[in-house]
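**Q** Got a structure here, written out as structure tokens. Questions coming.
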Amino acid sequence: MTILPLAKDILKVYKEQDVVLLRNRVKERAVKIKMGLVNQTKLITAASELVRNMLRYGGGGEVVVEVITRGRDNGVRLVFKDQGPGIPDIKKAMADGFSTGRSLGLGLPGTKRLVNEFDLKSEVGKGTTVTIIKWANG
Amino acid sequence: MPQAAEVFKNKQSVILELWMKNQLSDIGLRDDLMSNEDLRVQSEELVDVLVSNLTEANLNDPQSMDFEPVLEILAGISVSRAKQGFSPRETGAFVFSLKEALFEVLQNELQNDVATLYEQTLKISRLVDNFSTVTFETFIRGREEVILRQTDEIAEISTPVIRVWDGILALPIIGTLDSARTQVVMESLLQEIVETSSSIAILDISGVPAVDSLVAQHLIKAVSATRLMGAECIISGIRPEIAQTIVHLGIDLSNIVTKASLASALKFAFNTMRLEVRKKAGVSAEK
Amino acid sequence: MDRIPILKMGHFLLVTIQVDLYDRLAMDLESDLIRMVNKTGAKGVLIDISAVSIVDSFMGRIIGNIASMSKLLDAETVVVGMQPAVAITLVELGLDLPGVHTALNVEKGMDLLKGMIVADDVEELEEDDDTALS
């Protein structure tokens, strides 16, 4: 099924207070497509995890917030893009219990469990892009 | 020589009469689901829109945008029929009998020119076949909507949260537990815990046919979430064969309070809440 | 700069989080709270998160930290009023806050705290108007 974007916002996140703005924007979009409260919470929590990674390891960056559709399903797609050092070993980063920072080490795999689709691309020295999708009834 | 589009325009009322005759004489007519007057209104509307939008040019092109209004009406009819309980055959007959009516009119007008008749018939056939396809597609979509709605209803019905005592909730789960279902179960359980501020919830799984590692994981999640909210979750209704599978699969449920029956779970709950159930003295004295 | 207020209620400290937390705010709360536990000699800490709609792994970790640090200072921590959606999300995330006590609301949390400390602090508690065993 092809995925079509319906609405698009780009937010720049370079300091901690921007995180609150991002959360509110994501919530706004999720409410608009009638996403249930639990799924909303999962999506915003996932966004919160990813944006923290972006601030901490990538020095901040850009978040694209999109409302998307695939036929009868609507969803929210978030793309987190930074120009940080990148992740050298993606497989290791996606394993439960791994962390280079001061978090609990369940950032990425835990985040993946909260959303329907999760895609991580990273190039050492260039940056990291994480894309997640949460469907309204997913 | 007259062309099909022109013929149909002149003979619109004849087409409608023929079509109605075809439909009413069909053995599959569902006058129990729809009155003949309603059928006539529907048919008249469709013939009217078809004839007014048909031209010599678009007759060759079934995909032409000119037919949008026709398809819209057809889609509406077929979705409503799907919901009313018409069978695919009965819904199909509605469009197919129109084709016969159109052929009949065409044949009467062009009986002297077999070549044109053949060519025009072929085009009409192609056009109406396209209509039929759309009718079937929307018919199935209508049915899917019905199924989706029923799925939602079943999901809601199958997870009743029962208040067995002040502060104690019970949730009997019947049927297979998959992740979507667990989500619904968990949500309604947690919501009810908040609303009734119950401190103990009993998940009874005697109606769950099998417990594999995935189901066990779902149960563990439900118990953890309940605990995070500040309530306790007991799992009851563990049948011997389920206990066996759990151990054979190496699933660790040792952090969870499990009981064989709902009764013993309730007893445990009473105990935790420091309640006691006792037989009344002197019952026999009652008249 | 925002700060989350900490109330002293008898032997307990009560924190009601009314705003959505961001990292700095949560870290300040951690240090403020531990300082308060030390200063007041509180026996219990109640954190009311019923108005919080998002708890991610960082905030979860802060709550865990507060519990462990309070424990070192001889105070128990109870988190009360977690929303169902937050609880489900935390479990899915793999965070089930071991070592943190939980209760449905402030009242039940208070009862839980009283029950936990009644054994070693009977005489101090007698000043309280409520009974610990209720």
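Labels for the structure tokens follow display order: chains A, B, ..., residues from 1 in each chain, ligands from 1.
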Taking the DSSP secondary structure from the backbone, can you list the residues of range 11-116 of chain A that are helix (DSSP H, G or I), as a PDB file with N, CA, C and O atoms, in the first residue's frame?

**A**
ATOM      1  N   GLU A  16      16.739  22.011  25.065  1.00  0.00           N
ATOM      2  CA  GLU A  16      15.794  21.140  25.747  1.00  0.00           C
ATOM      3  C   GLU A  16      14.349  21.625  25.699  1.00  0.00           C
ATOM      4  O   GLU A  16      13.426  20.831  25.608  1.00  0.00           O
ATOM      5  N   GLN A  17      14.170  22.957  25.786  1.00  0.00           N
ATOM      6  CA  GLN A  17      12.801  23.475  25.786  1.00  0.00           C
ATOM      7  C   GLN A  17      12.085  23.196  24.468  1.00  0.00           C
ATOM      8  O   GLN A  17      10.862  23.122  24.432  1.00  0.00           O
ATOM      9  N   ASP A  18      12.853  23.023  23.388  1.00  0.00           N
ATOM     10  CA  ASP A  18      12.237  22.705  22.094  1.00  0.00           C
ATOM     11  C   ASP A  18      11.519  21.364  22.140  1.00  0.00           C
ATOM     12  O   ASP A  18      10.603  21.103  21.369  1.00  0.00           O
ATOM     13  N   VAL A  19      11.972  20.498  23.055  1.00  0.00           N
ATOM     14  CA  VAL A  19      11.387  19.168  23.169  1.00  0.00           C
ATOM     15  C   VAL A  19       9.907  19.255  23.516  1.00  0.00           C
ATOM     16  O   VAL A  19       9.075  18.553  22.962  1.00  0.00           O
ATOM     17  N   VAL A  20       9.571  20.191  24.436  1.00  0.00           N
ATOM     18  CA  VAL A  20       8.178  20.364  24.840  1.00  0.00           C
ATOM     19  C   VAL A  20       7.339  20.793  23.641  1.00  0.00           C
ATOM     20  O   VAL A  20       6.244  20.282  23.406  1.00  0.00           O
ATOM     21  N   LEU A  21       7.891  21.703  22.838  1.00  0.00           N
ATOM     22  CA  LEU A  21       7.206  22.153  21.624  1.00  0.00           C
ATOM     23  C   LEU A  21       6.937  20.998  20.679  1.00  0.00           C
ATOM     24  O   LEU A  21       5.849  20.856  20.134  1.00  0.00           O
ATOM     25  N   LEU A  22       7.965  20.167  20.505  1.00  0.00           N
ATOM     26  CA  LEU A  22       7.837  19.023  19.594  1.00  0.00           C
ATOM     27  C   LEU A  22       6.740  18.085  20.083  1.00  0.00           C
ATOM     28  O   LEU A  22       5.883  17.663  19.311  1.00  0.00           O
ATOM     29  N   ARG A  23       6.783  17.772  21.392  1.00  0.00           N
ATOM     30  CA  ARG A  23       5.773  16.873  21.963  1.00  0.00           C
ATOM     31  C   ARG A  23       4.374  17.400  21.700  1.00  0.00           C
ATOM     32  O   ARG A  23       3.486  16.658  21.310  1.00  0.00           O
ATOM     33  N   ASN A  24       4.196  18.729  21.911  1.00  0.00           N
ATOM     34  CA  ASN A  24       2.872  19.303  21.711  1.00  0.00           C
ATOM     35  C   ASN A  24       2.432  19.208  20.255  1.00  0.00           C
ATOM     36  O   ASN A  24       1.278  18.907  19.967  1.00  0.00           O
ATOM     37  N   ARG A  25       3.383  19.443  19.326  1.00  0.00           N
ATOM     38  CA  ARG A  25       3.044  19.368  17.911  1.00  0.00           C
ATOM     39  C   ARG A  25       2.642  17.951  17.516  1.00  0.00           C
ATOM     40  O   ARG A  25       1.643  17.734  16.829  1.00  0.00           O
ATOM     41  N   VAL A  26       3.406  16.975  18.024  1.00  0.00           N
ATOM     42  CA  VAL A  26       3.103  15.577  17.716  1.00  0.00           C
ATOM     43  C   VAL A  26       1.729  15.209  18.272  1.00  0.00           C
ATOM     44  O   VAL A  26       0.912  14.577  17.607  1.00  0.00           O
ATOM     45  N   LYS A  27       1.466  15.666  19.492  1.00  0.00           N
ATOM     46  CA  LYS A  27       0.180  15.360  20.119  1.00  0.00           C
ATOM     47  C   LYS A  27      -0.970  15.945  19.302  1.00  0.00           C
ATOM     48  O   LYS A  27      -1.956  15.279  19.017  1.00  0.00           O
ATOM     49  N   GLU A  28      -0.794  17.208  18.906  1.00  0.00           N
ATOM     50  CA  GLU A  28      -1.796  17.894  18.096  1.00  0.00           C
ATOM     51  C   GLU A  28      -2.158  17.072  16.859  1.00  0.00           C
ATOM     52  O   GLU A  28      -3.317  16.856  16.539  1.00  0.00           O
ATOM     53  N   ARG A  29      -1.101  16.601  16.160  1.00  0.00           N
ATOM     54  CA  ARG A  29      -1.312  15.817  14.938  1.00  0.00           C
ATOM     55  C   ARG A  29      -2.001  14.499  15.240  1.00  0.00           C
ATOM     56  O   ARG A  29      -2.884  14.056  14.502  1.00  0.00           O
ATOM     57  N   ALA A  30      -1.577  13.846  16.325  1.00  0.00           N
ATOM     58  CA  ALA A  30      -2.143  12.546  16.673  1.00  0.00           C
ATOM     59  C   ALA A  30      -3.619  12.677  17.031  1.00  0.00           C
ATOM     60  O   ALA A  30      -4.445  11.854  16.635  1.00  0.00           O
ATOM     61  N   VAL A  31      -3.949  13.748  17.764  1.00  0.00           N
ATOM     62  CA  VAL A  31      -5.340  13.963  18.146  1.00  0.00           C
ATOM     63  C   VAL A  31      -6.190  14.202  16.903  1.00  0.00           C
ATOM     64  O   VAL A  31      -7.296  13.694  16.780  1.00  0.00           O
ATOM     65  N   LYS A  32      -5.628  14.942  15.961  1.00  0.00           N
ATOM     66  CA  LYS A  32      -6.362  15.293  14.752  1.00  0.00           C
ATOM     67  C   LYS A  32      -6.784  14.051  13.947  1.00  0.00           C
ATOM     68  O   LYS A  32      -7.849  14.028  13.354  1.00  0.00           O
ATOM     69  N   LEU A  37      -5.699   7.190  23.010  1.00  0.00           N
ATOM     70  CA  LEU A  37      -4.827   7.793  24.021  1.00  0.00           C
ATOM     71  C   LEU A  37      -3.551   6.977  24.251  1.00  0.00           C
ATOM     72  O   LEU A  37      -2.457   7.525  24.370  1.00  0.00           O
ATOM     73  N   VAL A  38      -3.710   5.643  24.278  1.00  0.00           N
ATOM     74  CA  VAL A  38      -2.540   4.802  24.541  1.00  0.00           C
ATOM     75  C   VAL A  38      -1.524   4.923  23.397  1.00  0.00           C
ATOM     76  O   VAL A  38      -0.324   5.097  23.627  1.00  0.00           O
ATOM     77  N   ASN A  39      -2.032   4.876  22.165  1.00  0.00           N
ATOM     78  CA  ASN A  39      -1.126   5.003  21.024  1.00  0.00           C
ATOM     79  C   ASN A  39      -0.486   6.386  20.961  1.00  0.00           C
ATOM     80  O   ASN A  39       0.688   6.512  20.610  1.00  0.00           O
ATOM     81  N   GLN A  40      -1.272   7.400  21.312  1.00  0.00           N
ATOM     82  CA  GLN A  40      -0.721   8.760  21.389  1.00  0.00           C
ATOM     83  C   GLN A  40       0.447   8.800  22.363  1.00  0.00           C
ATOM     84  O   GLN A  40       1.517   9.327  22.064  1.00  0.00           O
ATOM     85  N   THR A  41       0.211   8.222  23.538  1.00  0.00           N
ATOM     86  CA  THR A  41       1.231   8.241  24.586  1.00  0.00           C
ATOM     87  C   THR A  41       2.478   7.503  24.122  1.00  0.00           C
ATOM     88  O   THR A  41       3.604   7.956  24.336  1.00  0.00           O
ATOM     89  N   LYS A  42       2.270   6.360  23.450  1.00  0.00           N
ATOM     90  CA  LYS A  42       3.422   5.597  22.954  1.00  0.00           C
ATOM     91  C   LYS A  42       4.212   6.423  21.940  1.00  0.00           C
ATOM     92  O   LYS A  42       5.446   6.462  21.980  1.00  0.00           O
ATOM     93  N   LEU A  43       3.477   7.070  21.032  1.00  0.00           N
ATOM     94  CA  LEU A  43       4.141   7.857  19.991  1.00  0.00           C
ATOM     95  C   LEU A  43       4.934   9.016  20.595  1.00  0.00           C
ATOM     96  O   LEU A  43       6.102   9.236  20.242  1.00  0.00           O
ATOM     97  N   ILE A  44       4.311   9.740  21.516  1.00  0.00           N
ATOM     98  CA  ILE A  44       4.985  10.908  22.090  1.00  0.00           C
ATOM     99  C   ILE A  44       6.184  10.463  22.929  1.00  0.00           C
ATOM    100  O   ILE A  44       7.240  11.096  22.911  1.00  0.00           O
ATOM    101  N   THR A  45       6.022   9.338  23.622  1.00  0.00           N
ATOM    102  CA  THR A  45       7.147   8.825  24.405  1.00  0.00           C
ATOM    103  C   THR A  45       8.297   8.438  23.478  1.00  0.00           C
ATOM    104  O   THR A  45       9.466   8.757  23.755  1.00  0.00           O
ATOM    105  N   ALA A  46       7.972   7.782  22.362  1.00  0.00           N
ATOM    106  CA  ALA A  46       9.005   7.411  21.399  1.00  0.00           C
ATOM    107  C   ALA A  46       9.716   8.661  20.877  1.00  0.00           C
ATOM    108  O   ALA A  46      10.952   8.710  20.783  1.00  0.00           O
ATOM    109  N   ALA A  47       8.915   9.695  20.567  1.00  0.00           N
ATOM    110  CA  ALA A  47       9.493  10.947  20.065  1.00  0.00           C
ATOM    111  C   ALA A  47      10.417  11.554  21.112  1.00  0.00           C
ATOM    112  O   ALA A  47      11.505  12.045  20.797  1.00  0.00           O
ATOM    113  N   SER A  48       9.982  11.474  22.352  1.00  0.00           N
ATOM    114  CA  SER A  48      10.762  12.029  23.448  1.00  0.00           C
ATOM    115  C   SER A  48      12.118  11.323  23.564  1.00  0.00           C
ATOM    116  O   SER A  48      13.154  11.969  23.759  1.00  0.00           O
ATOM    117  N   GLU A  49      12.105  10.001  23.422  1.00  0.00           N
ATOM    118  CA  GLU A  49      13.353   9.227  23.491  1.00  0.00           C
ATOM    119  C   GLU A  49      14.299   9.629  22.353  1.00  0.00           C
ATOM    120  O   GLU A  49      15.488   9.850  22.556  1.00  0.00           O
ATOM    121  N   LEU A  50      13.728   9.690  21.142  1.00  0.00           N
ATOM    122  CA  LEU A  50      14.568   9.929  19.978  1.00  0.00           C
ATOM    123  C   LEU A  50      15.138  11.343  19.969  1.00  0.00           C
ATOM    124  O   LEU A  50      16.279  11.564  19.569  1.00  0.00           O
ATOM    125  N   VAL A  51      14.316  12.287  20.427  1.00  0.00           N
ATOM    126  CA  VAL A  51      14.776  13.665  20.390  1.00  0.00           C
ATOM    127  C   VAL A  51      15.870  13.869  21.443  1.00  0.00           C
ATOM    128  O   VAL A  51      16.803  14.647  21.253  1.00  0.00           O
ATOM    129  N   ARG A  52      15.787  13.119  22.543  1.00  0.00           N
ATOM    130  CA  ARG A  52      16.846  13.209  23.551  1.00  0.00           C
ATOM    131  C   ARG A  52      18.164  12.690  22.970  1.00  0.00           C
ATOM    132  O   ARG A  52      19.209  13.313  23.127  1.00  0.00           O
ATOM    133  N   ASN A  53      18.078  11.539  22.278  1.00  0.00           N
ATOM    134  CA  ASN A  53      19.278  11.007  21.622  1.00  0.00           C
ATOM    135  C   ASN A  53      19.876  12.034  20.674  1.00  0.00           C
ATOM    136  O   ASN A  53      21.080  12.213  20.608  1.00  0.00           O
ATOM    137  N   MET A  54      18.968  12.676  19.917  1.00  0.00           N
ATOM    138  CA  MET A  54      19.417  13.634  18.915  1.00  0.00           C
ATOM    139  C   MET A  54      20.143  14.808  19.575  1.00  0.00           C
ATOM    140  O   MET A  54      21.179  15.260  19.095  1.00  0.00           O
ATOM    141  N   LEU A  55      19.596  15.288  20.698  1.00  0.00           N
ATOM    142  CA  LEU A  55      20.216  16.408  21.406  1.00  0.00           C
ATOM    143  C   LEU A  55      21.538  15.985  22.042  1.00  0.00           C
ATOM    144  O   LEU A  55      22.526  16.710  21.999  1.00  0.00           O
ATOM    145  N   ARG A  56      21.521  14.790  22.616  1.00  0.00           N
ATOM    146  CA  ARG A  56      22.684  14.379  23.385  1.00  0.00           C
ATOM    147  C   ARG A  56      23.856  13.939  22.508  1.00  0.00           C
ATOM    148  O   ARG A  56      24.990  14.299  22.740  1.00  0.00           O
ATOM    149  N   TYR A  57      23.546  13.135  21.490  1.00  0.00           N
ATOM    150  CA  TYR A  57      24.635  12.578  20.680  1.00  0.00           C
ATOM    151  C   TYR A  57      24.830  13.324  19.361  1.00  0.00           C
ATOM    152  O   TYR A  57      25.903  13.318  18.793  1.00  0.00           O
ATOM    153  N   GLY A  58      23.747  13.911  18.853  1.00  0.00           N
ATOM    154  CA  GLY A  58      23.845  14.527  17.532  1.00  0.00           C
ATOM    155  C   GLY A  58      23.942  16.034  17.581  1.00  0.00           C
ATOM    156  O   GLY A  58      24.019  16.689  16.540  1.00  0.00           O
ATOM    157  N   ILE A  90      25.189  -0.247  14.305  1.00  0.00           N
ATOM    158  CA  ILE A  90      23.742  -0.128  14.471  1.00  0.00           C
ATOM    159  C   ILE A  90      23.153  -1.360  15.148  1.00  0.00           C
ATOM    160  O   ILE A  90      22.296  -1.268  16.014  1.00  0.00           O
ATOM    161  N   LYS A  91      23.690  -2.520  14.776  1.00  0.00           N
ATOM    162  CA  LYS A  91      23.169  -3.768  15.328  1.00  0.00           C
ATOM    163  C   LYS A  91      23.313  -3.783  16.845  1.00  0.00           C
ATOM    164  O   LYS A  91      22.409  -4.187  17.571  1.00  0.00           O
ATOM    165  N   LYS A  92      24.462  -3.292  17.293  1.00  0.00           N
ATOM    166  CA  LYS A  92      24.731  -3.262  18.723  1.00  0.00           C
ATOM    167  C   LYS A  92      23.821  -2.235  19.411  1.00  0.00           C
ATOM    168  O   LYS A  92      23.313  -2.465  20.506  1.00  0.00           O
ATOM    169  N   ALA A  93      23.605  -1.103  18.728  1.00  0.00           N
ATOM    170  CA  ALA A  93      22.781  -0.049  19.303  1.00  0.00           C
ATOM    171  C   ALA A  93      21.328  -0.490  19.439  1.00  0.00           C
ATOM    172  O   ALA A  93      20.594   0.009  20.281  1.00  0.00           O
ATOM    173  N   GLY A 107      16.902   2.739  25.185  1.00  0.00           N
ATOM    174  CA  GLY A 107      16.409   3.785  24.301  1.00  0.00           C
ATOM    175  C   GLY A 107      15.897   3.269  22.973  1.00  0.00           C
ATOM    176  O   GLY A 107      14.700   3.265  22.736  1.00  0.00           O
ATOM    177  N   LEU A 108      16.800   2.788  22.131  1.00  0.00           N
ATOM    178  CA  LEU A 108      16.384   2.441  20.766  1.00  0.00           C
ATOM    179  C   LEU A 108      15.472   1.218  20.666  1.00  0.00           C
ATOM    180  O   LEU A 108      14.413   1.306  20.072  1.00  0.00           O
ATOM    181  N   PRO A 109      15.863   0.060  21.230  1.00  0.00           N
ATOM    182  CA  PRO A 109      14.958  -1.084  21.101  1.00  0.00           C
ATOM    183  C   PRO A 109      13.620  -0.855  21.792  1.00  0.00           C
ATOM    184  O   PRO A 109      12.579  -1.266  21.273  1.00  0.00           O
ATOM    185  N   GLY A 110      13.624  -0.168  22.915  1.00  0.00           N
ATOM    186  CA  GLY A 110      12.376   0.148  23.605  1.00  0.00           C
ATOM    187  C   GLY A 110      11.508   1.047  22.742  1.00  0.00           C
ATOM    188  O   GLY A 110      10.313   0.829  22.590  1.00  0.00           O
ATOM    189  N   THR A 111      12.139   2.041  22.137  1.00  0.00           N
ATOM    190  CA  THR A 111      11.421   2.959  21.265  1.00  0.00           C
ATOM    191  C   THR A 111      10.798   2.215  20.089  1.00  0.00           C
ATOM    192  O   THR A 111       9.674   2.460  19.696  1.00  0.00           O
ATOM    193  N   LYS A 112      11.556   1.264  19.546  1.00  0.00           N
ATOM    194  CA  LYS A 112      11.067   0.493  18.410  1.00  0.00           C
ATOM    195  C   LYS A 112       9.782  -0.256  18.770  1.00  0.00           C
ATOM    196  O   LYS A 112       8.870  -0.363  17.959  1.00  0.00           O
ATOM    197  N   ARG A 113       9.706  -0.739  20.010  1.00  0.00           N
ATOM    198  CA  ARG A 113       8.515  -1.475  20.433  1.00  0.00           C
ATOM    199  C   ARG A 113       7.286  -0.577  20.557  1.00  0.00           C
ATOM    200  O   ARG A 113       6.162  -1.055  20.541  1.00  0.00           O
ATOM    201  N   LEU A 114       7.507   0.727  20.682  1.00  0.00           N
ATOM    202  CA  LEU A 114       6.385   1.640  20.881  1.00  0.00           C
ATOM    203  C   LEU A 114       5.705   2.054  19.582  1.00  0.00           C
ATOM    204  O   LEU A 114       4.618   2.597  19.596  1.00  0.00           O
TER     205      LEU A 114
END

**Q** Tell me, as an MDAnalysis selection string, which residues lie within 10 Å of range 210-217 of chain B, counting only C-alpha atoms; anything in the same chain fewer than 3 positions away does not count.

**A** chainID B and resid 175:179 182 205:207 220:223 238:239 241:243 245:246 249:253

**Q** Which residue out of C:Thr102, C:Ser68, C:Ser31, C:Ser57 has the minimum interatomic distance to chain A when only C-alpha atoms are used?

**A**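 Ranking C:Thr102, C:Ser68, C:Ser31, C:Ser57 by distance to chain A, first place goes to C:Ser57.
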
**Q** May I have the residues of chain C within 12 Å of chain B, counting only C-alpha atoms, written as an NGL selection string?

**A** :C and (48-50 or 55 or 60 or 78-109 or 112 or 133-134)

**Q** Take the residues from that selection and write them out as a PDB file, in the first residue's frame, keeping C-alpha atoms.

**A**
ATOM      1  CA  ASP C  48       1.860  12.275  42.468  1.00  0.00           C
ATOM      2  CA  ILE C  49       2.094  11.890  38.704  1.00  0.00           C
ATOM      3  CA  SER C  50      -1.642  11.718  37.942  1.00  0.00           C
ATOM      4  CA  VAL C  55       7.038   9.348  31.230  1.00  0.00           C
ATOM      5  CA  GLY C  60      11.531   6.778  34.661  1.00  0.00           C
ATOM      6  CA  VAL C  78       5.645   5.870  46.595  1.00  0.00           C
ATOM      7  CA  VAL C  79       4.627   6.919  43.095  1.00  0.00           C
ATOM      8  CA  VAL C  80       0.894   7.535  42.904  1.00  0.00           C
ATOM      9  CA  GLY C  81      -1.718   8.052  40.219  1.00  0.00           C
ATOM     10  CA  MET C  82       0.090   6.812  37.131  1.00  0.00           C
ATOM     11  CA  GLN C  83      -2.216   7.028  34.115  1.00  0.00           C
ATOM     12  CA  PRO C  84      -3.095   3.723  32.366  1.00  0.00           C
ATOM     13  CA  ALA C  85      -1.609   4.899  29.056  1.00  0.00           C
ATOM     14  CA  VAL C  86       1.636   5.857  30.793  1.00  0.00           C
ATOM     15  CA  ALA C  87       1.805   2.491  32.578  1.00  0.00           C
ATOM     16  CA  ILE C  88       1.257   0.563  29.330  1.00  0.00           C
ATOM     17  CA  THR C  89       3.907   2.638  27.562  1.00  0.00           C
ATOM     18  CA  LEU C  90       6.480   2.172  30.321  1.00  0.00           C
ATOM     19  CA  VAL C  91       5.961  -1.603  30.309  1.00  0.00           C
ATOM     20  CA  GLU C  92       6.310  -1.694  26.513  1.00  0.00           C
ATOM     21  CA  LEU C  93       9.467   0.359  26.834  1.00  0.00           C
ATOM     22  CA  GLY C  94      10.809  -2.276  29.212  1.00  0.00           C
ATOM     23  CA  LEU C  95      10.813  -0.076  32.327  1.00  0.00           C
ATOM     24  CA  ASP C  96       8.857  -1.510  35.205  1.00  0.00           C
ATOM     25  CA  LEU C  97      10.469   0.591  37.955  1.00  0.00           C
ATOM     26  CA  PRO C  98      11.623  -2.143  40.317  1.00  0.00           C
ATOM     27  CA  GLY C  99      12.106  -0.908  43.873  1.00  0.00           C
ATOM     28  CA  VAL C 100       9.508   1.832  43.513  1.00  0.00           C
ATOM     29  CA  HIS C 101       6.292   1.450  45.476  1.00  0.00           C
ATOM     30  CA  THR C 102       3.102   2.466  43.723  1.00  0.00           C
ATOM     31  CA  ALA C 103      -0.435   3.379  44.756  1.00  0.00           C
ATOM     32  CA  LEU C 104      -3.604   4.412  42.959  1.00  0.00           C
ATOM     33  CA  ASN C 105      -3.981   7.820  44.599  1.00  0.00           C
ATOM     34  CA  VAL C 106      -2.452  10.096  47.233  1.00  0.00           C
ATOM     35  CA  GLU C 107      -4.712   8.762  49.959  1.00  0.00           C
ATOM     36  CA  LYS C 108      -3.785   5.135  49.318  1.00  0.00           C
ATOM     37  CA  GLY C 109      -0.152   6.102  48.926  1.00  0.00           C
ATOM     38  CA  LEU C 112       0.930   2.547  52.243  1.00  0.00           C
ATOM     39  CA  LEU C 133      -3.486   0.451  60.619  1.00  0.00           C
ATOM     40  CA  SER C 134      -6.675   1.736  59.057  1.00  0.00           C
TER      41      SER C 134
END

**Q** Out of B:Asp66, B:Asp152, B:Glu195, B:Glu276, which residue has the shortest atom-to-atom distance to chain A when counting only C-alpha atoms?

**A**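 Using only C-alpha atoms, chain A sits closest to B:Asp152.
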
**Q** Near Gly92 in chain B, within 12 Å and counting only C-alpha atoms, which residues show up once chain neighbours fewer than 3 positions away are dropped, as number ranges by chain?

**A** B: 23, 28-29, 74, 77-78, 81-82, 86-89, 95-99, 128-140

**Q** Work out how far apart CA of Val115 in chain A and CA of Thr69 in chain A are and give it in Å to one decimal.

**A**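 Computing the Euclidean distance for CA of Val115 in chain A and CA of Thr69 in chain A yields 15.7 Å.
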
**Q** Leaving out range 38-42 of chain C and any residue of its chain fewer than 5 positions from it, which residues lie within 9 Å of it when counting only C-alpha atoms, given as a ChimeraX atom specification?

**A** /C:8,10-13,33,70,73-75

**Q** Tell me, in Å to one decimal, how far CA of Lys9 in chain B is from CA of Ser25 in chain B.

**A**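 These atoms are spaced 24.9 Å apart.
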
**Q** Please measure the separation of CA of Val51 in chain B and CA of Glu6 in chain B, giving the value in Å to one decimal.

**A**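 Result for CA of Val51 in chain B versus CA of Glu6 in chain B: 8.9 Å, one decimal.
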